[in-house]
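*Asks:* Here you go, data02.pdb (PDB, C-alpha atoms and all ligand atoms):
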ATOM      1  CA  MET A   1     103.479 115.630  91.360  1.00  0.00           C
ATOM      2  CA  ILE A   2     100.472 113.320  90.879  1.00  0.00           C
ATOM      3  CA  GLN A   3      99.101 115.662  88.229  1.00  0.00           C
ATOM      4  CA  ASP A   4     102.479 115.545  86.485  1.00  0.00           C
ATOM      5  CA  PHE A   5     102.387 111.768  86.561  1.00  0.00           C
ATOM      6  CA  ILE A   6      98.914 111.739  85.037  1.00  0.00           C
ATOM      7  CA  HIS A   7      99.789 114.410  82.497  1.00  0.00           C
ATOM      8  CA  GLU A   8     102.930 112.595  81.362  1.00  0.00           C
ATOM      9  CA  SER A   9     101.101 109.261  81.260  1.00  0.00           C
ATOM     10  CA  VAL A  10      98.404 110.713  79.031  1.00  0.00           C
ATOM     11  CA  LEU A  11     101.005 112.458  76.880  1.00  0.00           C
ATOM     12  CA  VAL A  12     102.886 109.261  76.071  1.00  0.00           C
ATOM     13  CA  GLY A  13      99.773 107.092  75.923  1.00  0.00           C
ATOM     14  CA  LYS A  14     100.404 104.976  79.001  1.00  0.00           C
ATOM     15  CA  GLN A  15      97.422 102.991  80.146  1.00  0.00           C
ATOM     16  CA  TRP A  16      98.232 101.729  83.597  1.00  0.00           C
ATOM     17  CA  ARG A  17      96.720  98.440  84.595  1.00  0.00           C
ATOM     18  CA  LYS A  18      96.860  99.199  88.288  1.00  0.00           C
ATOM     19  CA  ILE A  19      97.861 102.151  90.453  1.00  0.00           C
ATOM     20  CA  ARG A  20      98.358 101.421  94.113  1.00  0.00           C
ATOM     21  CA  LEU A  21      98.742 103.902  96.924  1.00  0.00           C
ATOM     22  CA  LEU A  22     101.178 102.739  99.570  1.00  0.00           C
ATOM     23  CA  GLY A  23     102.714 104.280 102.654  1.00  0.00           C
ATOM     24  CA  GLY A  24     103.753 104.027 105.409  1.00  0.00           C
ATOM     25  CA  GLU A  25     100.046 104.312 105.858  1.00  0.00           C
ATOM     26  CA  PRO A  26      98.634 106.198 102.858  1.00  0.00           C
ATOM     27  CA  THR A  27      95.343 107.187 104.505  1.00  0.00           C
ATOM     28  CA  LEU A  28      97.279 109.355 106.987  1.00  0.00           C
ATOM     29  CA  HIS A  29      98.774 111.486 104.248  1.00  0.00           C
ATOM     30  CA  PRO A  30      97.326 115.020 104.458  1.00  0.00           C
ATOM     31  CA  GLU A  31      96.628 115.018 100.710  1.00  0.00           C
ATOM     32  CA  PHE A  32      95.237 111.510 100.594  1.00  0.00           C
ATOM     33  CA  PHE A  33      91.786 112.327  99.182  1.00  0.00           C
ATOM     34  CA  PRO A  34      92.945 114.947  96.649  1.00  0.00           C
ATOM     35  CA  ILE A  35      95.470 112.421  95.338  1.00  0.00           C
ATOM     36  CA  LEU A  36      92.851 109.705  95.201  1.00  0.00           C
ATOM     37  CA  ASN A  37      90.497 112.027  93.350  1.00  0.00           C
ATOM     38  CA  ASP A  38      93.180 112.844  90.770  1.00  0.00           C
ATOM     39  CA  LEU A  39      93.740 109.154  90.188  1.00  0.00           C
ATOM     40  CA  LEU A  40      90.024 108.548  89.845  1.00  0.00           C
ATOM     41  CA  GLN A  41      89.937 111.200  87.176  1.00  0.00           C
ATOM     42  CA  TYR A  42      92.691 109.357  85.348  1.00  0.00           C
ATOM     43  CA  ARG A  43      90.562 106.216  85.643  1.00  0.00           C
ATOM     44  CA  ASN A  44      87.679 108.015  83.989  1.00  0.00           C
ATOM     45  CA  ARG A  45      89.874 108.046  80.875  1.00  0.00           C
ATOM     46  CA  HIS A  46      90.957 104.435  81.348  1.00  0.00           C
ATOM     47  CA  PRO A  47      88.143 102.558  83.083  1.00  0.00           C
ATOM     48  CA  ASP A  48      90.127  99.297  83.152  1.00  0.00           C
ATOM     49  CA  CYS A  49      92.738 100.802  85.467  1.00  0.00           C
ATOM     50  CA  VAL A  50      92.399  99.487  89.036  1.00  0.00           C
ATOM     51  CA  ILE A  51      92.953 102.056  91.769  1.00  0.00           C
ATOM     52  CA  GLU A  52      93.985 100.367  94.972  1.00  0.00           C
ATOM     53  CA  VAL A  53      94.744 101.619  98.482  1.00  0.00           C
ATOM     54  CA  VAL A  54      97.053  99.467 100.584  1.00  0.00           C
ATOM     55  CA  THR A  55      96.365 100.049 104.252  1.00  0.00           C
ATOM     56  CA  ASN A  56      97.327  98.530 107.566  1.00  0.00           C
ATOM     57  CA  GLY A  57      93.778  99.185 108.846  1.00  0.00           C
ATOM     58  CA  TYR A  58      95.294 100.011 112.217  1.00  0.00           C
ATOM     59  CA  GLY A  59      93.612 102.458 114.611  1.00  0.00           C
ATOM     60  CA  THR A  60      90.544 104.687 114.625  1.00  0.00           C
ATOM     61  CA  ALA A  61      92.023 107.472 112.461  1.00  0.00           C
ATOM     62  CA  VAL A  62      92.881 105.048 109.679  1.00  0.00           C
ATOM     63  CA  ASN A  63      89.532 103.298 109.877  1.00  0.00           C
ATOM     64  CA  ALA A  64      87.669 106.616 109.772  1.00  0.00           C
ATOM     65  CA  MET A  65      89.488 107.433 106.528  1.00  0.00           C
ATOM     66  CA  LEU A  66      88.802 104.006 105.079  1.00  0.00           C
ATOM     67  CA  GLN A  67      85.059 104.548 105.589  1.00  0.00           C
ATOM     68  CA  GLN A  68      85.215 107.560 103.279  1.00  0.00           C
ATOM     69  CA  ILE A  69      86.952 105.876 100.363  1.00  0.00           C
ATOM     70  CA  PRO A  70      84.587 105.939  97.389  1.00  0.00           C
ATOM     71  CA  ALA A  71      83.109 102.770  95.996  1.00  0.00           C
ATOM     72  CA  GLY A  72      85.094 101.372  93.102  1.00  0.00           C
ATOM     73  CA  VAL A  73      88.461 101.833  94.830  1.00  0.00           C
ATOM     74  CA  VAL A  74      90.004  98.523  95.866  1.00  0.00           C
ATOM     75  CA  VAL A  75      91.204  98.457  99.466  1.00  0.00           C
ATOM     76  CA  GLU A  76      93.873  95.962 100.408  1.00  0.00           C
ATOM     77  CA  ASN A  77      93.710  95.868 104.185  1.00  0.00           C
ATOM     78  CA  SER A  78      96.350  93.904 106.065  1.00  0.00           C
ATOM     79  CA  ALA A  79      94.353  94.579 109.293  1.00  0.00           C
ATOM     80  CA  LYS A  80      97.345  94.824 111.561  1.00  0.00           C
ATOM     81  CA  GLU A  81      96.740  94.627 115.278  1.00  0.00           C
ATOM     82  CA  SER A  82     100.225  95.324 116.581  1.00  0.00           C
ATOM     83  CA  SER A  83     103.483  96.908 115.524  1.00  0.00           C
ATOM     84  CA  LEU A  84     105.150  93.480 115.494  1.00  0.00           C
ATOM     85  CA  GLN A  85     104.738  91.761 112.139  1.00  0.00           C
ATOM     86  CA  THR A  86     106.401  88.384 112.411  1.00  0.00           C
ATOM     87  CA  SER A  87     105.846  87.477 108.770  1.00  0.00           C
ATOM     88  CA  PHE A  88     107.810  90.474 107.501  1.00  0.00           C
ATOM     89  CA  SER A  89     111.309  89.816 106.318  1.00  0.00           C
ATOM     90  CA  PRO A  90     114.076  92.080 107.613  1.00  0.00           C
ATOM     91  CA  PHE A  91     114.619  94.947 105.242  1.00  0.00           C
ATOM     92  CA  ASN A  92     117.388  96.644 107.219  1.00  0.00           C
ATOM     93  CA  LEU A  93     119.942  93.886 106.729  1.00  0.00           C
ATOM     94  CA  ALA A  94     122.159  95.369 104.040  1.00  0.00           C
ATOM     95  CA  PRO A  95     123.770  92.779 101.755  1.00  0.00           C
ATOM     96  CA  VAL A  96     126.888  94.965 101.709  1.00  0.00           C
ATOM     97  CA  ASP A  97     127.338  94.111 105.379  1.00  0.00           C
ATOM     98  CA  ASP A  98     127.321  90.394 104.630  1.00  0.00           C
ATOM     99  CA  PRO A  99     130.564  88.854 103.324  1.00  0.00           C
ATOM    100  CA  ALA A 100     128.516  86.208 101.492  1.00  0.00           C
ATOM    101  CA  PHE A 101     127.330  88.972  99.143  1.00  0.00           C
ATOM    102  CA  ARG A 102     130.775  90.387  98.427  1.00  0.00           C
ATOM    103  CA  ASN A 103     130.532  89.512  94.740  1.00  0.00           C
ATOM    104  CA  ALA A 104     126.795  90.026  94.290  1.00  0.00           C
ATOM    105  CA  ASP A 105     125.538  91.623  91.107  1.00  0.00           C
ATOM    106  CA  TYR A 106     123.002  94.084  92.468  1.00  0.00           C
ATOM    107  CA  ARG A 107     121.755  94.964  89.015  1.00  0.00           C
ATOM    108  CA  ASN A 108     119.554  91.887  89.259  1.00  0.00           C
ATOM    109  CA  GLY A 109     117.315  93.481  91.863  1.00  0.00           C
ATOM    110  CA  CYS A 110     114.708  91.088  93.207  1.00  0.00           C
ATOM    111  CA  GLU A 111     111.189  89.804  92.687  1.00  0.00           C
ATOM    112  CA  VAL A 112     109.624  92.871  94.330  1.00  0.00           C
ATOM    113  CA  MET A 113     110.551  95.030  91.361  1.00  0.00           C
ATOM    114  CA  LYS A 114     108.621  92.762  89.041  1.00  0.00           C
ATOM    115  CA  ALA A 115     105.770  91.904  91.383  1.00  0.00           C
ATOM    116  CA  CYS A 116     104.941  95.369  92.659  1.00  0.00           C
ATOM    117  CA  GLY A 117     105.966  97.640  89.837  1.00  0.00           C
ATOM    118  CA  MET A 118     107.642 100.983  89.450  1.00  0.00           C
ATOM    119  CA  ALA A 119     107.159 103.531  92.226  1.00  0.00           C
ATOM    120  CA  LEU A 120     106.684 107.271  92.429  1.00  0.00           C
ATOM    121  CA  THR A 121     107.627 108.944  95.704  1.00  0.00           C
ATOM    122  CA  PRO A 122     108.052 112.634  96.586  1.00  0.00           C
ATOM    123  CA  LEU A 123     111.647 112.190  95.399  1.00  0.00           C
ATOM    124  CA  GLY A 124     110.749 110.852  91.971  1.00  0.00           C
ATOM    125  CA  TYR A 125     110.391 107.557  90.140  1.00  0.00           C
ATOM    126  CA  TYR A 126     112.134 104.407  91.328  1.00  0.00           C
ATOM    127  CA  PRO A 127     112.310 100.790  90.169  1.00  0.00           C
ATOM    128  CA  CYS A 128     110.322  99.793  93.257  1.00  0.00           C
ATOM    129  CA  ALA A 129     108.825 101.477  96.303  1.00  0.00           C
ATOM    130  CA  VAL A 130     111.454 100.021  98.618  1.00  0.00           C
ATOM    131  CA  ALA A 131     114.216 101.576  96.526  1.00  0.00           C
ATOM    132  CA  GLY A 132     112.490 104.938  96.961  1.00  0.00           C
ATOM    133  CA  GLY A 133     112.440 104.465 100.725  1.00  0.00           C
ATOM    134  CA  ILE A 134     116.124 103.545 100.785  1.00  0.00           C
ATOM    135  CA  ASP A 135     117.090 106.594  98.763  1.00  0.00           C
ATOM    136  CA  ARG A 136     115.054 108.793 101.078  1.00  0.00           C
ATOM    137  CA  ILE A 137     117.181 107.667 104.027  1.00  0.00           C
ATOM    138  CA  GLU A 138     120.486 107.563 102.166  1.00  0.00           C
ATOM    139  CA  GLY A 139     119.759 111.029 100.829  1.00  0.00           C
ATOM    140  CA  ASN A 140     121.168 110.814  97.308  1.00  0.00           C
ATOM    141  CA  ARG A 141     118.003 111.864  95.502  1.00  0.00           C
ATOM    142  CA  LEU A 142     118.408 109.366  92.719  1.00  0.00           C
ATOM    143  CA  GLY A 143     114.737 109.305  91.669  1.00  0.00           C
ATOM    144  CA  ARG A 144     113.846 110.187  88.084  1.00  0.00           C
ATOM    145  CA  ALA A 145     112.130 113.551  87.897  1.00  0.00           C
ATOM    146  CA  HIS A 146     109.860 112.494  85.027  1.00  0.00           C
ATOM    147  CA  LEU A 147     108.037 109.374  83.977  1.00  0.00           C
ATOM    148  CA  PRO A 148     110.809 107.023  82.824  1.00  0.00           C
ATOM    149  CA  ARG A 149     110.863 106.088  79.163  1.00  0.00           C
ATOM    150  CA  ASP A 150     110.190 102.458  78.249  1.00  0.00           C
ATOM    151  CA  GLU A 151     113.866 101.840  77.527  1.00  0.00           C
ATOM    152  CA  ASP A 152     114.962 103.193  80.921  1.00  0.00           C
ATOM    153  CA  ASP A 153     115.421 100.080  83.082  1.00  0.00           C
ATOM    154  CA  MET A 154     116.846 102.142  85.967  1.00  0.00           C
ATOM    155  CA  THR A 155     119.683  99.659  86.345  1.00  0.00           C
ATOM    156  CA  SER A 156     122.027 102.216  87.884  1.00  0.00           C
ATOM    157  CA  MET A 157     119.507 102.866  90.647  1.00  0.00           C
ATOM    158  CA  VAL A 158     118.923  99.169  91.210  1.00  0.00           C
ATOM    159  CA  GLU A 159     122.663  98.576  91.456  1.00  0.00           C
ATOM    160  CA  ARG A 160     123.074 101.373  93.938  1.00  0.00           C
ATOM    161  CA  LEU A 161     120.026 100.818  96.177  1.00  0.00           C
ATOM    162  CA  CYS A 162     119.655  97.025  96.247  1.00  0.00           C
ATOM    163  CA  ARG A 163     123.037  96.744  97.945  1.00  0.00           C
ATOM    164  CA  LEU A 164     121.328  98.126 101.038  1.00  0.00           C
ATOM    165  CA  CYS A 165     118.123  96.115 100.855  1.00  0.00           C
ATOM    166  CA  GLY A 166     117.448  93.050 102.955  1.00  0.00           C
ATOM    167  CA  HIS A 167     115.020  91.785 100.323  1.00  0.00           C
ATOM    168  CA  PHE A 168     117.941  91.304  97.949  1.00  0.00           C
ATOM    169  CA  LYS A 169     119.394  88.682 100.272  1.00  0.00           C
ATOM    170  CA  GLU A 170     116.400  86.410 100.018  1.00  0.00           C
ATOM    171  CA  GLY A 171     115.167  87.546  96.619  1.00  0.00           C
ATOM    172  CA  ASN A 172     111.830  87.940  98.407  1.00  0.00           C
ATOM    173  CA  LEU A 173     111.185  84.401  97.305  1.00  0.00           C
ATOM    174  CA  ILE A 174     111.004  82.585 100.634  1.00  0.00           C
ATOM    175  CA  PRO A 175     107.323  81.634 100.904  1.00  0.00           C
ATOM    176  CA  GLU A 176     105.666  82.987 104.023  1.00  0.00           C
ATOM    177  CA  PRO A 177     104.901  79.580 105.588  1.00  0.00           C
ATOM    178  CA  ILE A 178     108.594  78.679 105.751  1.00  0.00           C
ATOM    179  CA  ARG A 179     110.012  82.150 106.298  1.00  0.00           C
ATOM    180  CA  PRO A 180     111.671  82.466 109.727  1.00  0.00           C
ATOM    181  CA  ALA A 181     109.456  84.527 112.055  1.00  0.00           C
ATOM    182  CA  GLY A 182     110.839  88.010 112.660  1.00  0.00           C
ATOM    183  CA  LEU A 183     110.501  88.383 116.404  1.00  0.00           C
ATOM    184  CA  GLN A 184     112.833  91.304 116.825  1.00  0.00           C
ATOM    185  CA  GLU A 185     114.154  94.212 114.827  1.00  0.00           C
ATOM    186  CA  GLN A 186     117.279  93.379 112.860  1.00  0.00           C
ATOM    187  CA  ILE A 187     119.533  96.166 111.634  1.00  0.00           C
ATOM    188  CA  SER A 188     122.965  95.768 110.112  1.00  0.00           C
ATOM    189  CA  PRO A 189     125.824  98.264 110.732  1.00  0.00           C
ATOM    190  CA  THR A 190     125.377 100.234 107.505  1.00  0.00           C
ATOM    191  CA  TRP A 191     121.711 100.847 108.333  1.00  0.00           C
ATOM    192  CA  LYS A 192     122.544 101.883 111.878  1.00  0.00           C
ATOM    193  CA  SER A 193     124.839 104.580 110.588  1.00  0.00           C
ATOM    194  CA  LEU A 194     122.416 105.643 107.818  1.00  0.00           C
ATOM    195  CA  TYR A 195     119.582 106.085 110.314  1.00  0.00           C
ATOM    196  CA  ALA A 196     121.835 107.979 112.735  1.00  0.00           C
ATOM    197  CA  ARG A 197     122.871 110.373 109.949  1.00  0.00           C
ATOM    198  CA  TRP A 198     119.264 110.775 108.755  1.00  0.00           C
ATOM    199  CA  ARG A 199     118.002 111.548 112.275  1.00  0.00           C
ATOM    200  CA  ASN A 200     120.707 114.156 112.741  1.00  0.00           C
ATOM    201  CA  LYS A 201     119.789 115.796 109.449  1.00  0.00           C
ATOM    202  CA  ARG A 202     116.127 115.866 110.448  1.00  0.00           C
ATOM    203  CA  LYS A 203     116.983 117.421 113.790  1.00  0.00           C
ATOM    204  CA  LEU A 204     119.032 120.110 112.069  1.00  0.00           C
ATOM    205  CA  SER A 205     116.259 120.780 109.545  1.00  0.00           C
ATOM    206  CA  LYS A 206     113.678 121.101 112.308  1.00  0.00           C
ATOM    207  CA  ARG A 207     115.897 123.537 114.172  1.00  0.00           C
ATOM    208  CA  ARG A 208     116.161 125.595 111.003  1.00  0.00           C
ATOM    209  CA  GLY A 209     112.392 125.364 110.518  1.00  0.00           C
ATOM    210  CA  VAL A 210     112.674 123.484 107.235  1.00  0.00           C
ATOM    211  CA  THR A 211     109.619 121.373 106.433  1.00  0.00           C
ATOM    212  CA  LYS A 212     110.577 118.276 104.576  1.00  0.00           C
ATOM    213  CA  LEU A 213     108.401 117.164 101.716  1.00  0.00           C
ATOM    214  CA  THR A 214     109.356 113.624 102.576  1.00  0.00           C
ATOM    215  CA  ASP A 215     108.053 113.810 106.148  1.00  0.00           C
ATOM    216  CA  TYR A 216     104.872 112.475 104.678  1.00  0.00           C
ATOM    217  CA  GLN A 217     105.793 109.918 102.169  1.00  0.00           C
ATOM    218  CA  LEU A 218     103.156 108.507  99.931  1.00  0.00           C
ATOM    219  CA  ARG A 219     104.396 106.154  97.327  1.00  0.00           C
ATOM    220  CA  PHE A 220     102.416 104.685  94.588  1.00  0.00           C
ATOM    221  CA  VAL A 221     103.288 101.879  92.300  1.00  0.00           C
ATOM    222  CA  THR A 222     102.099 101.309  88.822  1.00  0.00           C
ATOM    223  CA  SER A 223     101.800  98.507  86.366  1.00  0.00           C
ATOM    224  CA  GLN A 224     100.809  98.710  82.780  1.00  0.00           C
ATOM    225  CA  THR A 225      99.340  96.561  80.061  1.00  0.00           C
ATOM    226  CA  SER A 226      99.385  98.640  76.942  1.00  0.00           C
ATOM    227  CA  HIS A 227     103.160  98.671  76.471  1.00  0.00           C
ATOM    228  CA  PRO A 228     104.532  95.246  77.359  1.00  0.00           C
ATOM    229  CA  GLN A 229     108.059  95.425  78.715  1.00  0.00           C
ATOM    230  CA  GLY A 230     110.992  93.115  79.198  1.00  0.00           C
ATOM    231  CA  ASN A 231     111.827  91.457  82.501  1.00  0.00           C
ATOM    232  CA  ASP A 232     113.395  94.592  83.892  1.00  0.00           C
ATOM    233  CA  GLN A 233     110.063  96.357  83.860  1.00  0.00           C
ATOM    234  CA  PRO A 234     107.252  95.813  86.307  1.00  0.00           C
ATOM    235  CA  ASN A 235     104.196  94.129  84.918  1.00  0.00           C
ATOM    236  CA  ILE A 236     102.566  92.163  87.704  1.00  0.00           C
ATOM    237  CA  ASN A 237     100.660  93.446  90.706  1.00  0.00           C
ATOM    238  CA  ARG A 238     100.943  91.652  93.997  1.00  0.00           C
ATOM    239  CA  GLU A 239     101.568  93.251  97.330  1.00  0.00           C
ATOM    240  CA  SER A 240     104.863  92.254  98.842  1.00  0.00           C
ATOM    241  CA  VAL A 241     106.472  95.543  99.777  1.00  0.00           C
ATOM    242  CA  LYS A 242     106.276  95.936 103.502  1.00  0.00           C
ATOM    243  CA  ALA A 243     109.008  98.480 104.158  1.00  0.00           C
TER     244      ALA A 243
HETATM  245  S1  LIG B   1     116.303  94.298  96.531  1.00  0.00           S
HETATM  246 FE1  LIG B   1     115.016  95.850  97.554  1.00  0.00          FE
HETATM  247  S2  LIG B   1     115.414  97.769  96.471  1.00  0.00           S
HETATM  248 FE2  LIG B   1     116.143  96.077  95.195  1.00  0.00          FE
HETATM  249  S3  LIG B   1     114.457  95.578  93.839  1.00  0.00           S
HETATM  250 FE3  LIG B   1     114.263  94.250  95.611  1.00  0.00          FE
HETATM  251  S4  LIG B   1     112.925  95.334  97.057  1.00  0.00           S
HETATM  252 FE4  LIG B   1     113.612  96.821  95.513  1.00  0.00          FE
END
In structure tokens, write the structure found in this file.
Ligand code: SF4

*Replies:*
Amino acid sequence: MIQDFIHESVLVGKQWRKIRLLGGEPTLHPEFFPILNDLLQYRNRHPDCVIEVVTNGYGTAVNAMLQQIPAGVVVENSAKESSLQTSFSPFNLAPVDDPAFRNADYRNGCEVMKACGMALTPLGYYPCAVAGGIDRIEGNRLGRAHLPRDEDDMTSMVERLCRLCGHFKEGNLIPEPIRPAGLQEQISPTWKSLYARWRNKRKLSKRRGVTKLTDYQLRFVTSQTSHPQGNDQPNINRESVKA
């Protein structure tokens, strides 16, 4: 999949400004170093491309992996010390469960799409990494199988997936200093039923001995400079996806 991404990028002349590896925790992915090496090879062609690993820096296994990351790879380490992250905004509060959003136009998406860029997950390309995570749980497999063309703004995906995303409710624009502290998990009814259905499916798959590709999910997001896009396309890099 990563090789396909690189191959298609080279084929259509994309020169990505930044490629970021996200998780979950990307360093725990069993193919973490092979993927990183592939991306470094892409960077050999385009030396201005920044390769960045976004890690929580949590625990000895993660830190052992971080030590082995080659020089020249940027590591964004949030250095978490607990599973409670009070500055995170609740992602599992679906706007569709909130009457105030009855008439919302979900095609607008939110700032994350612009700030963090397009995402590639094991299920394909998405307008943002969070959208990929939502589709993974909802199970509709909406991701594009190939690198989207410039004119593909993925609006249908945005419309479908943002209706479930807590970030849509705040536009991800509430600055951290004034954002209410998240002291407990918040999940709206639609998410409760989606998770229950997803867990059941996983249980069934395990009983049947099916290994899910998405059990290890490594997403990466990209931004580009060589083909400027309109507002619907990602073009800025700043970490704000914390799903
Ligand atoms: S609302 Fe959620 S899924 Fe939609 S663009 Fe923002 S972060 Fe992505």

*Asks:* Residues within 10 Å of range 143-158 of chain A, please, as a PyMOL selection string. Count all atoms listed in the file; anything in the same chain fewer than 3 positions from it doesn't count.

*Replies:* chain A and resi 1+4-9+12+106-110+113+118-128+131-132+135-136+140+161-163+227-234

*Asks:* For each of A:Gly117, A:Arg202, A:Trp191, A:Gln186, take the minimum atom-to-atom distance to ligand LIG 1 (chain B), counting all atoms listed in the file, then give the residue where this is smallest.

*Replies:*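 Of A:Gly117, A:Arg202, A:Trp191, A:Gln186, the one nearest ligand LIG 1 (chain B) is A:Gly117, counting all atoms listed in the file.
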
*Asks:* Quick check, in Å to one decimal: how far apart do CA of Glu81 in chain A and CA of Ala196 in chain A lie?

*Replies:* 28.5 Å

*Asks:* Take every atom of ligand LIG 1 (chain B) listed in the file, pad by 6 Å on each side, and give me the axis-aligned box centre and edge lengths in Å, one decimal, as JSON.

*Replies:*
{"center_x": 114.6, "center_y": 96.0, "center_z": 95.7, "size_x": 15.4, "size_y": 15.5, "size_z": 15.7}

*Asks:* Record the distance separating CA of Ser82 in chain A and CA of Gln184 in chain A, expressed in Å with one decimal.

*Replies:*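 Between these atoms lies a distance of 13.2 Å.
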
*Asks:* Which residues are near Asp48 in chain A? Cut-off 10 Å, only C-alpha atoms, ignore same chain within fewer than 4 positions. Put them as a PyMOL selection string.

*Replies:* chain A and resi 15-18+43-44

*Asks:* What does the distance between CA of Thr60 in chain A and CA of Phe88 in chain A come to in Å, to one decimal place?

*Replies:*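 That distance, rounded to one decimal, is 23.5 Å.
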
*Asks:* Hey, what comes out of the PyMOL selection byres (((chain A and resi 39) around 9) and not hetatm) on this file? Could you write it as a ChimeraX atom specification?

*Replies:* /A:2-3,6,19,34-38,40-44,51

*Asks:* Nearest to Lys80 in chain A among A:Gly13, A:Gly166, A:Gly182, A:Gly57, with distances taken over all atoms listed in the file: which residue is it?

*Replies:*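 Closest residue, counting all atoms listed in the file: A:Gly57.
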
*Asks:* Measuring atom to atom with only C-alpha atoms and all ligand atoms, identify which of A:Leu84, A:Leu183, A:Ala104, A:Leu194 is nearest to ligand LIG 1 (chain B).

*Replies:* A:Ala104

*Asks:* Just want the 10 Å neighbourhood of Ile69 in chain A, counted on only C-alpha atoms, with same-chain residues fewer than 5 positions away dropped. Output as an NGL selection string.

*Replies:* :A and (27 or 33 or 36-37 or 53 or 64 or 74-75)

*Asks:* Next, dump the selected residues to file, keeping only C-alpha atoms, as an mmCIF file, keeping the file's coordinate frame.

*Replies:*
data_model
loop_
_atom_site.group_PDB
_atom_site.id
_atom_site.type_symbol
_atom_site.label_atom_id
_atom_site.label_comp_id
_atom_site.auth_asym_id
_atom_site.auth_seq_id
_atom_site.Cartn_x
_atom_site.Cartn_y
_atom_site.Cartn_z
ATOM 1 C CA THR A 27 95.343 107.187 104.505
ATOM 2 C CA PHE A 33 91.786 112.327 99.182
ATOM 3 C CA LEU A 36 92.851 109.705 95.201
ATOM 4 C CA ASN A 37 90.497 112.027 93.350
ATOM 5 C CA VAL A 53 94.744 101.619 98.482
ATOM 6 C CA ALA A 64 87.669 106.616 109.772
ATOM 7 C CA VAL A 74 90.004 98.523 95.866
ATOM 8 C CA VAL A 75 91.204 98.457 99.466
#

*Asks:* With only C-alpha atoms and all ligand atoms as the atoms that count, which of A:Lys169, A:Pro175, A:Arg199, A:Lys206 lies nearest to ligand LIG 1 (chain B)?

*Replies:*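 Among the listed residues, A:Lys169 lies closest to ligand LIG 1 (chain B).
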
*Asks:* Rank nothing, just name the residue among A:Glu176, A:Glu159, A:Glu138, A:Glu185 nearest to Pro95 in chain A, using all atoms listed in the file.

*Replies:* A:Glu159

*Asks:* Between A:Arg102, A:Pro90, A:Tyr195, A:Leu204, which one has atoms that come closest to ligand LIG 1 (chain B), using all atoms listed in the file?

*Replies:*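 Ranked by minimum distance to ligand LIG 1 (chain B), first place goes to A:Pro90.
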
*Asks:* For the provided coordinates, the residues matched by the PyMOL selection byres (((chain A and resi 58) around 12) and not hetatm) should be stated as number ranges by chain.

*Replies:* A: 24-28, 54-57, 59-66, 77-83
